[in-house]
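Asker: Please read through the structure below; I'll follow up with questions.
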Amino acid sequence: RRRHTYARPPPTSQVMGNTYLLLYNTALTAAWGYVLYLTYANILENKGDTKGVYQAVELPLKIAQSAAILEVLHAAMGLVRSPVAITAMQVASRLWVLWGLIVPVPGPTTQGALVLGTIMDRYTFRLDLVSLLTAWCISEVIRYSFYAFKEALGYVPYPSLWLRYTGFIVLYPLGVASELTMCYLAWPTISSKGLFSLPMPNRLNLGVDYSIVCLLICASYLPGLPTLYQYMLVQRRKQLGGPVKAKAE
C-alpha cells in the first residue's frame with residue numbers, strides 16, 4: 001500500500017513573520033515612492049526651483065528613513081538573514097545624514113549645492129538635496145520592492161532582480177557623494193556654532209567636538225566605498241551571470 005506524504009505547513013510564527021515583512025517592505029516601497037513623487041512634483045510646480053523641496057518632503061522623509069531602525073531589530077530577531085552589525089552601520093549612516101546634518105542645519109543643506117560643472121553650457125551637474133533624495137528614493141524603492149516580491153511570491157521577478165543588482169552601479173556613488181556633500185554644506189555651521197559639542201572644562205572632564213566627529217565619519221566612507229562596490233559587483237555576477245571565461249587549452 002503506497003503511503004502519501006504531505007508537506008507540513010509552516011509554523012504560525014513563520015507565517016506571521018512573513019506577513020509582517022511583506023507589509024513592512026510594501027509600506028516602505030510606497031513611502032519612498034511618495035517622497036520621490038513629492039520631490040519632483042515640487043520641482044515641476046516651481047519650474048525647476050528646488051528651494052521648496054525639503055519643506056514638501058520633510059515629514060514623509062523623516063518617517064521613511066527612521067523606519068529603517070526596524071531593520072536592525074529584524075536582523076537581531078532572526079526575521080531576516082542579515083548581519084546585525086553591518087545592518088546597524090548602514091542604517092546609522094543614513095540616520096546621521098538626516099538627523100545629524102540636515103535637520104539641525106536645514107538652511108545650508110537644503111538650499112546649498114556643490115556644483116561640479118556644466119554640460120553644453122546649459123545643464124548644471126550639482127550635488128545637493130535633490131541628488132541625495134533621488135539616490136535614496138530610487139535605491140530604496142528598488143530594494144524594498146525586491147523584498148516585498150520575495151515575501152509575496154516566494155521568488156523575485158527578473159526586472160526587480162535586474163534593478164536590484166544593476167541600479168547600485170549609478171545610485172550608490174551618487175548617494176555617497178550626496179551624503180558627503182551634506183556634511184560639506186553643514187560643516188561650517190556645525191563648527192562655528194559648536195553644535196552637539198561638549199567643550200572643556202565640564203563635570204565629565206570629557207571634551208567632544210562634533211565637527212571633528214563629522215570629519216571622522218566622512219573619512220570612514222572612503223575605505224568602505226570601493227570594498228562594498230566591489231562586493232556588489234561580485235553579487236551582480238552571481239545573480240545575473242557574467243561573461244564566461246574561455247578555458248585554457
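How things are named: the first chain in the C-alpha cells is A, the next is B, and so on; residues count from 1 in each chain; ligands count from 1 in the order shown.
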Identify all residues of region 10-172 of chain A in strand (DSSP E) (DSSP on the backbone) and supply them as a count of residues only.
Answerer: 11
Asker: Show which residues sit within 10 Å of Asn42 (chain A), as a list in words. Count only C-alpha atoms, and ignore same-chain residues fewer than 4 positions away.
Answerer: Tyr37, Leu38, Asn46, Lys47, Gly48, Asp49, Thr50, Lys51, Gly52, Val53, Tyr54, Gln55, Ala56 and Val57 of chain A
Asker: Convert the current residue selection to file output with N, CA and C atoms, as a compact mmCIF listing (two decimals), in the first residue's frame.
Answerer:
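Once everything was written out, this is selection19.txt:
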# COMPACT_ATOMS: atom_id res chain seq x y z
N TYR A 37 8.02 61.19 -5.49
CA TYR A 37 6.96 61.94 -6.18
C TYR A 37 6.89 63.38 -5.69
N LEU A 38 6.90 63.57 -4.38
CA LEU A 38 6.83 64.92 -3.82
C LEU A 38 8.02 65.77 -4.26
N ASN A 46 7.40 74.42 -9.27
CA ASN A 46 8.14 75.67 -9.11
C ASN A 46 9.09 75.94 -10.28
N LYS A 47 8.82 75.26 -11.40
CA LYS A 47 9.56 75.50 -12.65
C LYS A 47 11.07 75.36 -12.49
N GLY A 48 11.46 74.28 -11.83
CA GLY A 48 12.88 73.98 -11.69
C GLY A 48 13.52 74.48 -10.42
N ASP A 49 12.84 75.30 -9.66
CA ASP A 49 13.38 75.81 -8.40
C ASP A 49 13.28 74.71 -7.34
N THR A 50 14.39 74.46 -6.64
CA THR A 50 14.43 73.37 -5.66
C THR A 50 14.34 73.85 -4.22
N LYS A 51 14.12 75.14 -4.01
CA LYS A 51 14.14 75.68 -2.65
C LYS A 51 13.01 75.15 -1.76
N GLY A 52 11.90 74.73 -2.36
CA GLY A 52 10.79 74.26 -1.56
C GLY A 52 10.73 72.76 -1.38
N VAL A 53 11.73 72.06 -1.87
CA VAL A 53 11.70 70.59 -1.84
C VAL A 53 11.69 70.05 -0.41
N TYR A 54 12.58 70.56 0.43
CA TYR A 54 12.67 70.00 1.78
C TYR A 54 11.38 70.17 2.56
N GLN A 55 10.78 71.32 2.44
CA GLN A 55 9.52 71.57 3.14
C GLN A 55 8.44 70.60 2.65
N ALA A 56 8.49 70.25 1.37
CA ALA A 56 7.48 69.35 0.81
C ALA A 56 7.67 67.90 1.27
N VAL A 57 8.93 67.49 1.48
CA VAL A 57 9.19 66.08 1.78
C VAL A 57 9.57 65.83 3.24
Asker: So the first atom is CA of Met77 (chain A) and the second is CA of Leu228 (chain A); what is the distance between them in Å, to one decimal place?
Answerer: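 So the answer is 24.7 Å.
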Asker: Could you tell me, as an MDAnalysis selection string, which residues of region 129-174 of chain A DSSP assigns to helix (DSSP H, G or I) when given the backbone?
Answerer: chainID A and resid 129:153 158:164 168:174
Asker: Restricting the calculation to only C-alpha atoms: of A:Leu233, A:Leu133, A:Ser160, A:Tyr147, which residue gets closest to Ala27 (chain A)?
Answerer: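 Smallest distance to Ala27 (chain A) is found for A:Tyr147.
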Asker: Pick out the closest residue to Trp187 (chain A) from this set: A:Ala88, A:Ile212, A:Leu153, A:Val15. Count only C-alpha atoms.
Answerer: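 For Trp187 (chain A), the nearest of the candidates is A:Ile212.
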Asker: Counting only C-alpha atoms, give me one row per residue of region 89-164 of chain A with an atom at most 10 Å from an atom of region 189-210 of chain A, showing the shortest contact pair and its distance in Å to one decimal, sorted by chain then residue number, as a Markdown table.
Answerer:
| residue | atom | partner | partner_atom | distance |
| --- | --- | --- | --- | --- |
| A:Gly100 | CA | A:Phe196 | CA | 9.1 |
| A:Leu101 | CA | A:Ile190 | CA | 8.6 |
| A:Pro104 | CA | A:Leu195 | CA | 8.3 |
| A:Val105 | CA | A:Thr189 | CA | 7.2 |
| A:Gly107 | CA | A:Thr189 | CA | 9.6 |
| A:Pro108 | CA | A:Thr189 | CA | 8.3 |
Asker: Now that the selection is made, can you save its residues with C-alpha atoms as a compact mmCIF listing (two decimals), in the first residue's frame?
Answerer:
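In the end it all went to selection_24.txt:
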# COMPACT_ATOMS: atom_id res chain seq x y z
CA GLY A 100 22.75 64.77 12.40
CA LEU A 101 23.21 67.09 9.41
CA PRO A 104 19.95 70.59 12.68
CA VAL A 105 21.37 72.62 9.76
CA GLY A 107 19.47 76.12 5.63
CA PRO A 108 22.81 75.19 4.04
Asker: What is the distance between CA of Leu21 (chain A) and CA of Ile142 (chain A), in Å to one decimal?
Answerer: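 Computed distance, CA of Leu21 (chain A) to CA of Ile142 (chain A), equals 15.6 Å.
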Asker: I need the residue nearest Val97 (chain A) from this list: A:Phe125, A:Tyr155, A:Trp136, A:Tyr24. Use only C-alpha atoms for the distance.
Answerer: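 That would be A:Trp136, the residue with the smallest distance to Val97 (chain A).
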Asker: Counting only C-alpha atoms, what is within 10 Å of Leu61 (chain A), bar same-chain residues fewer than 6 positions away, as number ranges by chain?
Answerer: A: 31-32, 34-36, 54, 67, 98, 133, 137
Asker: So which residues touch region 182-184 of chain A within 8 Å, counting only C-alpha atoms, skipping near sequence neighbours fewer than 3 positions away, as a short mmCIF file (atom, residue, chain, number, x, y, z; two decimals) with N, CA and C atoms, in the first residue's frame?
Answerer:
data_model
loop_
_atom_site.label_atom_id
_atom_site.label_comp_id
_atom_site.auth_asym_id
_atom_site.auth_seq_id
_atom_site.Cartn_x
_atom_site.Cartn_y
_atom_site.Cartn_z
N VAL A 97 23.05 61.32 8.47
CA VAL A 97 22.91 62.35 7.45
C VAL A 97 21.63 63.15 7.66
N LEU A 101 22.74 66.04 10.31
CA LEU A 101 23.21 67.09 9.41
C LEU A 101 22.06 67.94 8.87
N ILE A 102 21.11 67.29 8.20
CA ILE A 102 20.05 68.04 7.52
C ILE A 102 19.10 68.71 8.51
N THR A 109 22.07 72.85 4.06
CA THR A 109 21.95 71.52 3.47
C THR A 109 20.79 71.41 2.49
N ASP A 128 23.33 67.96 -4.31
CA ASP A 128 22.53 68.73 -3.35
C ASP A 128 21.47 67.82 -2.75
N LEU A 129 20.48 68.42 -2.12
CA LEU A 129 19.41 67.63 -1.50
C LEU A 129 18.65 66.82 -2.54
N SER A 178 26.49 62.47 -2.49
CA SER A 178 25.50 63.43 -1.99
C SER A 178 25.50 63.48 -0.47
N GLU A 179 25.69 62.34 0.19
CA GLU A 179 25.77 62.32 1.65
C GLU A 179 26.99 63.11 2.13
N TRP A 187 29.01 71.53 7.61
CA TRP A 187 30.17 71.60 8.50
C TRP A 187 30.51 73.01 8.97
N PRO A 188 30.52 74.04 8.11
CA PRO A 188 30.85 75.38 8.61
C PRO A 188 29.93 75.84 9.74
N CYS A 214 32.19 64.60 12.71
CA CYS A 214 31.66 64.57 11.34
C CYS A 214 32.77 64.26 10.33
N CYS A 218 33.02 61.00 7.82
CA CYS A 218 33.23 61.13 6.37
C CYS A 218 34.46 60.34 5.93
#
Asker: For each of A:Ala92, A:Leu73, A:Met232, A:Leu28, take the minimum atom-to-atom distance to Tyr172 (chain A), counting only C-alpha atoms, then give the residue where this is smallest.
Answerer: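 The shortest atom-to-atom distance to Tyr172 (chain A) comes from A:Met232.
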